[in-house]
file structure13.cif (mmCIF, C-alpha atoms)
data_work
#
loop_
_atom_site.label_atom_id
_atom_site.label_comp_id
_atom_site.auth_asym_id
_atom_site.auth_seq_id
_atom_site.Cartn_x
_atom_site.Cartn_y
_atom_site.Cartn_z
CA MET H 1 -87.06 -2.77 -39.67
CA GLN H 2 -86.46 -2.96 -35.93
CA LYS H 3 -84.58 -6.04 -34.76
CA LYS H 4 -86.16 -8.50 -32.38
CA SER H 5 -84.80 -8.72 -28.86
CA PHE H 6 -83.38 -11.70 -26.98
CA LEU H 7 -82.86 -11.51 -23.21
CA PHE H 8 -80.02 -12.81 -21.04
CA CYS H 9 -79.96 -12.52 -17.27
CA HIS H 10 -76.95 -13.34 -15.11
CA PRO H 11 -76.83 -11.71 -11.66
CA GLY H 12 -73.62 -13.37 -10.49
CA ALA H 13 -69.94 -12.61 -10.02
CA LEU H 14 -67.41 -11.75 -12.71
CA GLY H 15 -65.80 -15.17 -13.11
CA ASP H 16 -69.17 -16.94 -13.23
CA PHE H 17 -70.39 -14.45 -15.84
CA ILE H 18 -67.34 -14.95 -18.07
CA LEU H 19 -68.06 -18.69 -18.07
CA THR H 20 -71.31 -17.86 -19.92
CA TRP H 21 -69.48 -16.15 -22.79
CA PRO H 22 -69.32 -19.30 -24.95
CA VAL H 23 -73.13 -19.36 -24.88
CA LEU H 24 -73.31 -15.68 -25.81
CA THR H 25 -70.84 -16.31 -28.63
CA VAL H 26 -72.69 -19.17 -30.29
CA MET H 27 -76.09 -17.55 -29.79
CA ARG H 28 -74.78 -14.45 -31.55
CA GLN H 29 -73.74 -16.67 -34.47
CA ILE H 30 -77.19 -18.17 -34.99
CA MET H 31 -79.16 -15.01 -34.21
CA PRO H 32 -77.55 -12.16 -36.17
CA GLU H 33 -80.98 -10.60 -36.70
CA TYR H 34 -81.55 -10.21 -32.94
CA GLU H 35 -80.40 -7.56 -30.51
CA PHE H 36 -79.15 -9.02 -27.25
CA THR H 37 -80.49 -7.43 -24.09
CA ALA H 38 -78.91 -8.35 -20.75
CA ILE H 39 -79.61 -7.92 -17.05
CA GLY H 40 -76.73 -8.24 -14.60
CA GLN H 41 -73.91 -6.43 -12.85
CA LEU H 42 -73.46 -3.41 -15.12
CA PRO H 43 -69.63 -3.25 -15.20
CA PHE H 44 -69.50 -6.93 -16.18
CA LEU H 45 -72.12 -6.48 -18.89
CA GLN H 46 -70.15 -3.56 -20.30
CA LEU H 47 -67.15 -5.84 -20.74
CA ALA H 48 -69.22 -8.26 -22.82
CA GLN H 49 -70.65 -5.35 -24.81
CA ARG H 50 -67.11 -4.22 -25.59
CA PHE H 51 -66.63 -7.49 -27.51
CA ASN H 52 -69.99 -7.29 -29.29
CA LEU H 53 -71.58 -10.04 -27.20
CA LEU H 54 -74.38 -7.77 -25.90
CA ASP H 55 -76.27 -4.74 -27.17
CA HIS H 56 -78.58 -3.30 -24.49
CA LEU H 57 -77.70 -3.42 -20.82
CA HIS H 58 -79.79 -3.23 -17.66
CA ASP H 59 -78.31 -2.90 -14.19
CA ILE H 60 -79.75 -5.64 -12.01
CA ASN H 61 -80.07 -3.11 -9.18
CA ALA H 62 -82.28 -0.78 -11.23
CA ARG H 63 -85.51 0.09 -9.44
CA TYR H 64 -87.70 -0.71 -12.44
CA LEU H 65 -86.57 -4.36 -12.26
CA THR H 66 -87.76 -4.91 -8.68
CA ASP H 67 -91.33 -5.80 -9.65
CA PHE H 68 -90.01 -7.95 -12.49
CA PHE H 69 -87.95 -10.17 -10.20
CA CYS H 70 -90.86 -10.37 -7.77
CA GLY H 71 -92.97 -11.71 -10.63
CA GLU H 72 -95.45 -8.84 -10.39
CA ARG H 73 -94.97 -6.74 -13.50
CA PHE H 74 -93.08 -6.81 -16.80
CA PRO H 75 -91.10 -3.56 -17.21
CA LEU H 76 -91.52 -1.53 -20.39
CA GLN H 77 -87.75 -0.94 -20.46
CA LEU H 78 -87.16 -4.57 -21.47
CA GLY H 79 -89.43 -4.39 -24.49
CA LYS H 80 -90.81 -7.77 -25.58
CA PRO H 81 -88.02 -10.36 -25.74
CA ALA H 82 -88.62 -13.12 -28.26
CA GLY H 83 -86.76 -15.58 -26.03
CA ALA H 84 -84.47 -15.68 -23.03
CA ILE H 85 -81.71 -17.52 -21.17
CA LEU H 86 -81.73 -16.97 -17.41
CA TRP H 87 -78.99 -18.01 -15.02
CA MET H 88 -81.39 -17.94 -12.10
CA THR H 89 -83.01 -20.13 -9.47
CA GLN H 90 -86.53 -19.75 -8.09
CA SER H 91 -87.59 -17.99 -11.28
CA ASP H 92 -91.03 -19.48 -12.07
CA GLU H 93 -92.81 -16.12 -11.88
CA VAL H 94 -90.22 -14.43 -14.12
CA VAL H 95 -90.38 -17.28 -16.62
CA ASN H 96 -94.17 -17.08 -16.78
CA MET H 97 -94.04 -13.34 -17.47
CA LEU H 98 -91.49 -13.86 -20.24
CA LYS H 99 -93.54 -16.67 -21.77
CA SER H 100 -96.48 -14.29 -22.03
CA VAL H 101 -94.55 -12.14 -24.56
CA ALA H 102 -92.01 -14.60 -26.05
CA GLU H 103 -92.31 -16.68 -29.18
CA GLN H 104 -89.21 -18.78 -28.53
CA PRO H 105 -88.10 -20.92 -25.57
CA ILE H 106 -87.28 -19.44 -22.17
CA ILE H 107 -84.36 -21.37 -20.65
CA THR H 108 -83.33 -21.34 -16.99
CA LEU H 109 -79.85 -22.58 -16.09
CA SER H 110 -78.55 -23.30 -12.61
CA PRO H 111 -75.43 -21.25 -11.80
CA LEU H 112 -74.21 -24.13 -9.58
CA PRO H 113 -75.18 -27.42 -11.23
CA ALA H 114 -74.04 -30.75 -9.77
CA ILE H 115 -71.74 -31.74 -12.64
CA HIS H 116 -68.23 -33.16 -13.08
CA TYR H 117 -67.26 -31.54 -16.39
CA HIS H 118 -66.75 -27.97 -17.51
CA ILE H 119 -69.65 -25.70 -16.64
CA SER H 120 -69.45 -23.78 -19.93
CA MET H 121 -69.91 -27.05 -21.81
CA TYR H 122 -72.87 -27.87 -19.57
CA TYR H 123 -74.48 -24.52 -20.44
CA LEU H 124 -73.92 -25.09 -24.16
CA GLN H 125 -75.42 -28.57 -24.03
CA GLN H 126 -78.49 -27.36 -22.17
CA VAL H 127 -79.09 -24.52 -24.63
CA GLN H 128 -78.63 -26.92 -27.55
CA HIS H 129 -81.80 -28.74 -26.45
CA TYR H 130 -83.77 -25.64 -27.48
CA TYR H 131 -81.69 -23.73 -30.05
CA PRO H 132 -79.66 -25.02 -33.05
CA ILE H 133 -76.26 -23.90 -31.79
CA ILE H 134 -73.09 -25.54 -33.09
CA PHE H 135 -69.91 -25.86 -31.06
CA SER H 136 -66.98 -28.20 -30.51
CA ASN H 137 -65.41 -29.47 -27.31
CA SER H 138 -62.39 -27.29 -28.07
CA ILE H 139 -64.39 -24.09 -27.56
CA ILE H 140 -63.39 -24.16 -23.88
CA SER H 141 -59.68 -23.95 -24.65
CA GLU H 142 -59.89 -21.92 -27.86
CA ILE H 143 -62.30 -19.10 -27.08
CA GLU H 144 -60.50 -15.80 -26.68
CA PHE H 145 -61.20 -12.07 -26.82
CA PRO H 146 -57.71 -10.60 -27.10
CA LEU H 147 -57.10 -7.38 -25.26
CA HIS H 148 -54.87 -4.89 -27.02
CA ARG H 149 -51.63 -5.13 -25.07
CA LYS H 150 -48.50 -3.04 -25.13
CA ASN H 151 -45.04 -4.55 -25.08
CA SER H 152 -44.12 -5.14 -21.47
CA ASN H 153 -42.20 -7.52 -19.22
CA LEU H 154 -44.60 -7.20 -16.28
CA VAL H 155 -45.41 -10.37 -14.36
CA LEU H 156 -48.55 -9.83 -12.33
CA ILE H 157 -49.49 -11.91 -9.27
CA HIS H 158 -52.98 -11.66 -7.77
CA PRO H 159 -53.14 -13.24 -4.28
CA GLY H 160 -56.91 -12.91 -3.76
CA SER H 161 -60.25 -14.35 -4.82
CA GLY H 162 -63.89 -14.34 -3.78
CA SER H 163 -63.22 -16.88 -1.02
CA PRO H 164 -60.36 -17.24 1.49
CA LYS H 165 -60.50 -21.02 0.89
CA LYS H 166 -59.09 -20.45 -2.59
CA ASN H 167 -56.07 -18.48 -1.38
CA PHE H 168 -52.66 -19.56 -0.15
CA SER H 169 -50.70 -17.86 2.61
CA ILE H 170 -49.28 -14.41 1.96
CA THR H 171 -45.80 -15.95 2.42
CA PHE H 172 -46.48 -18.16 -0.60
CA TYR H 173 -46.99 -15.16 -2.89
CA LYS H 174 -43.97 -13.31 -1.46
CA THR H 175 -41.82 -16.37 -2.12
CA LEU H 176 -43.28 -16.56 -5.64
CA VAL H 177 -42.08 -13.01 -6.28
CA GLU H 178 -38.54 -14.05 -5.35
CA LEU H 179 -38.73 -17.14 -7.57
CA LEU H 180 -39.74 -15.08 -10.58
CA LYS H 181 -36.94 -12.58 -9.99
CA ASP H 182 -34.46 -15.45 -9.69
CA ARG H 183 -35.73 -16.77 -13.02
CA GLY H 184 -34.83 -13.50 -14.70
CA PHE H 185 -38.12 -11.61 -14.67
CA SER H 186 -37.07 -8.01 -14.02
CA ARG H 187 -40.51 -6.59 -13.27
CA VAL H 188 -42.75 -8.51 -10.88
CA ALA H 189 -45.69 -6.93 -9.06
CA ILE H 190 -48.52 -8.07 -6.81
CA LEU H 191 -51.99 -6.86 -7.75
CA LEU H 192 -54.30 -5.74 -4.96
CA GLY H 193 -57.98 -5.34 -5.79
CA PRO H 194 -60.80 -3.96 -3.64
CA VAL H 195 -60.92 -7.00 -1.33
CA GLU H 196 -57.16 -7.06 -0.74
CA ILE H 197 -57.06 -3.28 -0.28
CA ALA H 198 -59.81 -3.51 2.35
CA GLN H 199 -57.82 -6.24 4.11
CA ASN H 200 -54.81 -3.88 4.16
CA LEU H 201 -52.58 -6.54 2.61
CA SER H 202 -50.12 -3.87 1.53
CA GLU H 203 -48.86 -3.80 5.14
CA GLU H 204 -47.80 -7.44 4.78
CA LEU H 205 -46.16 -6.84 1.41
CA LYS H 206 -43.65 -4.15 2.23
CA ASN H 207 -40.61 -3.90 -0.07
CA ILE H 208 -42.60 -5.62 -2.86
CA SER H 209 -43.81 -3.77 -5.95
CA LEU H 210 -47.60 -3.34 -5.69
CA LEU H 211 -50.24 -2.33 -8.22
CA PHE H 212 -53.72 -1.28 -7.11
CA SER H 213 -56.96 -1.82 -9.00
CA GLU H 214 -60.19 -0.59 -7.42
CA ASN H 215 -62.38 -1.04 -10.52
CA LEU H 216 -62.44 -2.83 -13.87
CA ASP H 217 -61.14 0.15 -15.83
CA GLU H 218 -58.01 0.26 -13.70
CA LEU H 219 -57.62 -3.50 -14.03
CA LEU H 220 -57.85 -3.33 -17.83
CA ASN H 221 -55.17 -0.65 -17.92
CA ILE H 222 -52.86 -2.90 -15.91
CA PHE H 223 -53.67 -5.91 -18.09
CA GLN H 224 -52.60 -3.97 -21.17
CA THR H 225 -49.01 -4.10 -19.92
CA THR H 226 -49.05 -7.63 -18.45
CA ALA H 227 -46.82 -10.28 -20.03
CA LEU H 228 -47.66 -13.08 -17.55
CA PHE H 229 -50.44 -13.40 -14.98
CA ILE H 230 -50.50 -15.74 -11.96
CA GLY H 231 -53.57 -15.93 -9.75
CA ASN H 232 -56.10 -18.07 -7.93
CA ASP H 233 -59.50 -19.22 -9.17
CA SER H 234 -61.04 -15.74 -9.30
CA GLY H 235 -62.83 -13.33 -11.58
CA VAL H 236 -59.52 -11.58 -12.26
CA SER H 237 -57.97 -14.85 -13.45
CA HIS H 238 -60.96 -15.63 -15.67
CA LEU H 239 -60.63 -12.18 -17.20
CA ALA H 240 -56.89 -12.57 -17.82
CA GLY H 241 -57.39 -15.94 -19.48
CA ILE H 242 -60.15 -14.97 -21.87
CA PHE H 243 -58.26 -11.77 -22.75
CA GLY H 244 -55.39 -13.89 -24.09
CA ILE H 245 -52.85 -13.06 -21.38
CA PRO H 246 -50.50 -16.00 -20.67
CA SER H 247 -51.78 -17.19 -17.31
CA ILE H 248 -51.05 -19.68 -14.56
CA VAL H 249 -54.18 -20.25 -12.47
CA LEU H 250 -54.10 -21.98 -9.10
CA TYR H 251 -56.94 -24.20 -7.86
CA LYS H 252 -56.68 -24.90 -4.15
CA SER H 253 -60.29 -25.71 -3.20
CA THR H 254 -62.19 -25.74 -6.51
CA ASN H 255 -62.12 -28.15 -9.44
CA PRO H 256 -60.57 -26.86 -12.68
CA ALA H 257 -62.37 -29.59 -14.61
CA VAL H 258 -65.59 -27.72 -13.78
CA TRP H 259 -64.46 -24.14 -13.15
CA GLY H 260 -61.43 -23.93 -15.42
CA VAL H 261 -60.45 -20.56 -16.84
CA LEU H 262 -61.32 -20.15 -20.52
CA GLY H 263 -58.63 -19.21 -23.01
CA LYS H 264 -55.83 -20.37 -25.29
CA ARG H 265 -52.87 -19.49 -23.08
CA VAL H 266 -53.92 -20.79 -19.67
CA HIS H 267 -52.11 -23.35 -17.55
CA MET H 268 -54.05 -24.60 -14.53
CA ILE H 269 -52.52 -26.09 -11.39
CA SER H 270 -54.57 -28.00 -8.82
CA GLY H 271 -53.21 -28.62 -5.32
CA LYS H 272 -53.57 -27.78 -1.64
CA ARG H 273 -49.94 -28.03 -0.51
CA GLU H 274 -48.02 -24.83 -1.10
CA GLU H 275 -44.71 -26.54 -1.75
CA GLU H 276 -46.29 -28.80 -4.38
CA VAL H 277 -47.97 -25.89 -6.16
CA PHE H 278 -44.82 -23.79 -5.95
CA ASN H 279 -42.79 -26.57 -7.60
CA GLN H 280 -45.33 -26.92 -10.40
CA ILE H 281 -45.16 -23.18 -11.11
CA ASN H 282 -41.38 -23.41 -11.15
CA ASN H 283 -41.50 -26.30 -13.65
CA ILE H 284 -43.82 -24.39 -15.97
CA ILE H 285 -41.58 -21.34 -15.94
CA GLU H 286 -38.38 -23.37 -16.40
CA ARG H 287 -39.81 -25.15 -19.42
CA GLN H 288 -41.26 -21.90 -20.77
CA LYS H 289 -44.61 -23.59 -21.33
CA ILE H 290 -46.62 -20.46 -20.75
CA LEU H 291 -44.80 -17.65 -22.59
#

call {"tool": "encode", "arguments": {"input": "structure13.cif", "output": "structure tokens"}}
result
Amino acid sequence: MQKKSFLFCHPGALGDFILTWPVLTVMRQIMPEYEFTAIGQLPFLQLAQRFNLLDHLHDINARYLTDFFCGERFPLQLGKPAGAILWMTQSDEVVNMLKSVAEQPIITLSPLPAIHYHISMYYLQQVQHYYPIIFSNSIISEIEFPLHRKNSNLVLIHPGSGSPKKNFSITFYKTLVELLKDRGFSRVAILLGPVEIAQNLSEELKNISLLFSENLDELLNIFQTTALFIGNDSGVSHLAGIFGIPSIVLYKSTNPAVWGVLGKRVHMISGKREEEVFNQINNIIERQKIL
């Protein structure tokens, strides 16, 4: 007998998408008889599929979805979802189309709600109004999808994020490299992703070990040999945390109470002054709180 389908749609960035994984996890627990179909950024969806959170994937840029998002036609490729959770705004037309084929609730969730507690908990609470999911407050700090990692002493620093407001000066990260070496870490490298590569940051980081990651596959390969990760509030940090890599995540302009990285081995630091943040990192390393 063919399984029924349940639809998820999240068009956003990597970090925002990972913050929906607690919802995917608990929905999977109460709906083992359903296949989970998802619309979003295909590389991000493939990560969730790797951990059995999703089954069928649809690239949000696919041509056959254009009429769907315009509220004009329901694509055959999606089948007939029995229900759906949409992280979308201005979605009345899409919701009405889904209601025409669904037998269960269609939920829309704001990707940027005005809240003062963790956004993953907000999502779970909203879904609980419609579906009998069970979760505890500790899910935020306990959820983890461990990545198979090889023995390594690599400390990885990522100086970027999706917004310059989240980043400190390049001098801060260069000084951090020296701190880690002084503390006995023999292999310290700065990670440059597509944004940092485009900004030609390597020119400002001469004489420092650099690792380059232009896509998620390359990033996962690097993560497999990472013993400690330090980064800003970014998709890369969210990925490191939920993969079980010991992580120190820096929050300069965003609130970790709302946007905190998920995972068991994450230490979050909030602060705008570089010296203050630097000292907090130093204290964590000295006390070996993170390793």

call {"tool": "residues_around", "arguments": {"input": "structure13.cif", "residues": "Phe68 (chain H)", "least_positions_apart": "4", "cutoff": "9 Å", "atoms": "only C-alpha atoms", "output": "list in words"}}
result
Tyr64, Glu72, Arg73, Phe74, Pro75, Glu93, Val94 and Met97 of chain H

call {"tool": "closest_residue", "arguments": {"input": "structure13.cif", "among": "H:Leu211, H:Met121, H:Leu109, H:Ile281", "to": "Ser136 (chain H)", "atoms": "all atoms listed in the file"}}
result
H:Met121

call {"tool": "residues_around", "arguments": {"input": "structure13.cif", "residues": "region 146-158 of chain H", "least_positions_apart": "5", "cutoff": "7 Å", "atoms": "all atoms listed in the file", "output": "list in words"}}
result
Arg187, Val188, Ala189, Ile190, Leu191, Leu192, Gln224, Thr225, Thr226, Ala227, Leu228, Phe229, Ile230, Gly231, Phe243 and Gly244 of chain H

call {"tool": "atom_distance", "arguments": {"input": "structure13.cif", "atom1": "CA of Leu57 (chain H)", "atom2": "CA of Lys3 (chain H)"}}
result
15.8 Å

call {"tool": "closest_residue", "arguments": {"input": "structure13.cif", "among": "H:Ile39, H:Met88, H:Ile242, H:Ala257", "to": "His116 (chain H)", "atoms": "all atoms listed in the file"}}
result
H:Ala257

call {"tool": "closest_residue", "arguments": {"input": "structure13.cif", "among": "H:Leu24, H:Leu7, H:Lys181, H:Leu205", "to": "Lys99 (chain H)", "atoms": "only C-alpha atoms"}}
result
H:Leu7

call {"tool": "atom_distance", "arguments": {"input": "structure13.cif", "atom1": "CA of Thr25 (chain H)", "atom2": "CA of Gln77 (chain H)"}}
result
24.3 Å

call {"tool": "build_atoms", "arguments": {"input": "structure13.cif", "residues": "region 210-245 of chain H", "atoms": "N, CA and C atoms", "output": "CSV table (one decimal), in the coordinates of the input"}}
result
chain,number,residue,atom,x,y,z
H,210,LEU,N,-46.2,-3.1,-5.7
H,210,LEU,CA,-47.6,-3.3,-5.7
H,210,LEU,C,-48.3,-2.5,-6.8
H,211,LEU,N,-49.4,-3.1,-7.3
H,211,LEU,CA,-50.2,-2.3,-8.2
H,211,LEU,C,-51.6,-2.4,-7.7
H,212,PHE,N,-52.4,-1.3,-7.7
H,212,PHE,CA,-53.7,-1.3,-7.1
H,212,PHE,C,-54.8,-1.1,-8.2
H,213,SER,N,-55.9,-1.9,-8.1
H,213,SER,CA,-57.0,-1.8,-9.0
H,213,SER,C,-58.3,-1.8,-8.2
H,214,GLU,N,-58.9,-0.7,-8.2
H,214,GLU,CA,-60.2,-0.6,-7.4
H,214,GLU,C,-61.4,-0.8,-8.3
H,215,ASN,N,-61.2,-0.8,-9.6
H,215,ASN,CA,-62.4,-1.0,-10.5
H,215,ASN,C,-61.9,-1.7,-11.8
H,216,LEU,N,-62.8,-2.1,-12.7
H,216,LEU,CA,-62.4,-2.8,-13.9
H,216,LEU,C,-61.6,-2.0,-14.8
H,217,ASP,N,-61.9,-0.7,-14.9
H,217,ASP,CA,-61.1,0.2,-15.8
H,217,ASP,C,-59.7,0.2,-15.4
H,218,GLU,N,-59.4,0.3,-14.2
H,218,GLU,CA,-58.0,0.3,-13.7
H,218,GLU,C,-57.4,-1.1,-14.0
H,219,LEU,N,-58.1,-2.2,-13.8
H,219,LEU,CA,-57.6,-3.5,-14.0
H,219,LEU,C,-57.3,-3.7,-15.5
H,220,LEU,N,-58.1,-3.2,-16.4
H,220,LEU,CA,-57.8,-3.3,-17.8
H,220,LEU,C,-56.6,-2.6,-18.2
H,221,ASN,N,-56.4,-1.4,-17.6
H,221,ASN,CA,-55.2,-0.6,-17.9
H,221,ASN,C,-53.9,-1.4,-17.5
H,222,ILE,N,-54.0,-2.1,-16.4
H,222,ILE,CA,-52.9,-2.9,-15.9
H,222,ILE,C,-52.7,-4.1,-16.8
H,223,PHE,N,-53.8,-4.8,-17.2
H,223,PHE,CA,-53.7,-5.9,-18.1
H,223,PHE,C,-53.0,-5.6,-19.4
H,224,GLN,N,-53.2,-4.4,-19.9
H,224,GLN,CA,-52.6,-4.0,-21.2
H,224,GLN,C,-51.1,-4.0,-21.2
H,225,THR,N,-50.5,-4.0,-20.0
H,225,THR,CA,-49.0,-4.1,-19.9
H,225,THR,C,-48.5,-5.4,-19.2
H,226,THR,N,-49.4,-6.4,-19.2
H,226,THR,CA,-49.0,-7.6,-18.4
H,226,THR,C,-48.6,-8.7,-19.4
H,227,ALA,N,-47.4,-9.2,-19.2
H,227,ALA,CA,-46.8,-10.3,-20.0
H,227,ALA,C,-47.2,-11.7,-19.5
H,228,LEU,N,-47.3,-11.8,-18.2
H,228,LEU,CA,-47.7,-13.1,-17.6
H,228,LEU,C,-48.5,-12.8,-16.3
H,229,PHE,N,-49.6,-13.6,-16.1
H,229,PHE,CA,-50.4,-13.4,-15.0
H,229,PHE,C,-50.4,-14.7,-14.2
H,230,ILE,N,-50.4,-14.6,-12.9
H,230,ILE,CA,-50.5,-15.7,-12.0
H,230,ILE,C,-51.5,-15.4,-10.9
H,231,GLY,N,-52.5,-16.2,-10.7
H,231,GLY,CA,-53.6,-15.9,-9.8
H,231,GLY,C,-54.4,-17.2,-9.4
H,232,ASN,N,-55.2,-17.0,-8.4
H,232,ASN,CA,-56.1,-18.1,-7.9
H,232,ASN,C,-57.3,-18.2,-8.8
H,233,ASP,N,-58.2,-19.1,-8.5
H,233,ASP,CA,-59.5,-19.2,-9.2
H,233,ASP,C,-60.3,-18.0,-8.8
H,234,SER,N,-60.4,-17.0,-9.6
H,234,SER,CA,-61.0,-15.7,-9.3
H,234,SER,C,-61.5,-15.1,-10.6
H,235,GLY,N,-62.4,-14.1,-10.4
H,235,GLY,CA,-62.8,-13.3,-11.6
H,235,GLY,C,-61.7,-12.7,-12.3
H,236,VAL,N,-60.7,-12.2,-11.6
H,236,VAL,CA,-59.5,-11.6,-12.3
H,236,VAL,C,-58.8,-12.6,-13.1
H,237,SER,N,-58.6,-13.8,-12.7
H,237,SER,CA,-58.0,-14.8,-13.4
H,237,SER,C,-58.8,-15.2,-14.7
H,238,HIS,N,-60.1,-15.3,-14.5
H,238,HIS,CA,-61.0,-15.6,-15.7
H,238,HIS,C,-60.9,-14.5,-16.7
H,239,LEU,N,-60.7,-13.3,-16.3
H,239,LEU,CA,-60.6,-12.2,-17.2
H,239,LEU,C,-59.3,-12.2,-17.9
H,240,ALA,N,-58.2,-12.5,-17.2
H,240,ALA,CA,-56.9,-12.6,-17.8
H,240,ALA,C,-56.9,-13.7,-18.9
H,241,GLY,N,-57.4,-14.8,-18.6
H,241,GLY,CA,-57.4,-15.9,-19.5
H,241,GLY,C,-58.1,-15.7,-20.8
H,242,ILE,N,-59.3,-15.2,-20.7
H,242,ILE,CA,-60.2,-15.0,-21.9
H,242,ILE,C,-59.7,-13.8,-22.7
H,243,PHE,N,-58.9,-12.9,-22.0
H,243,PHE,CA,-58.3,-11.8,-22.8
H,243,PHE,C,-57.0,-12.2,-23.5
H,244,GLY,N,-56.6,-13.4,-23.4
H,244,GLY,CA,-55.4,-13.9,-24.1
H,244,GLY,C,-54.1,-13.6,-23.4
H,245,ILE,N,-54.1,-13.3,-22.1
H,245,ILE,CA,-52.8,-13.1,-21.4
H,245,ILE,C,-52.3,-14.4,-20.9
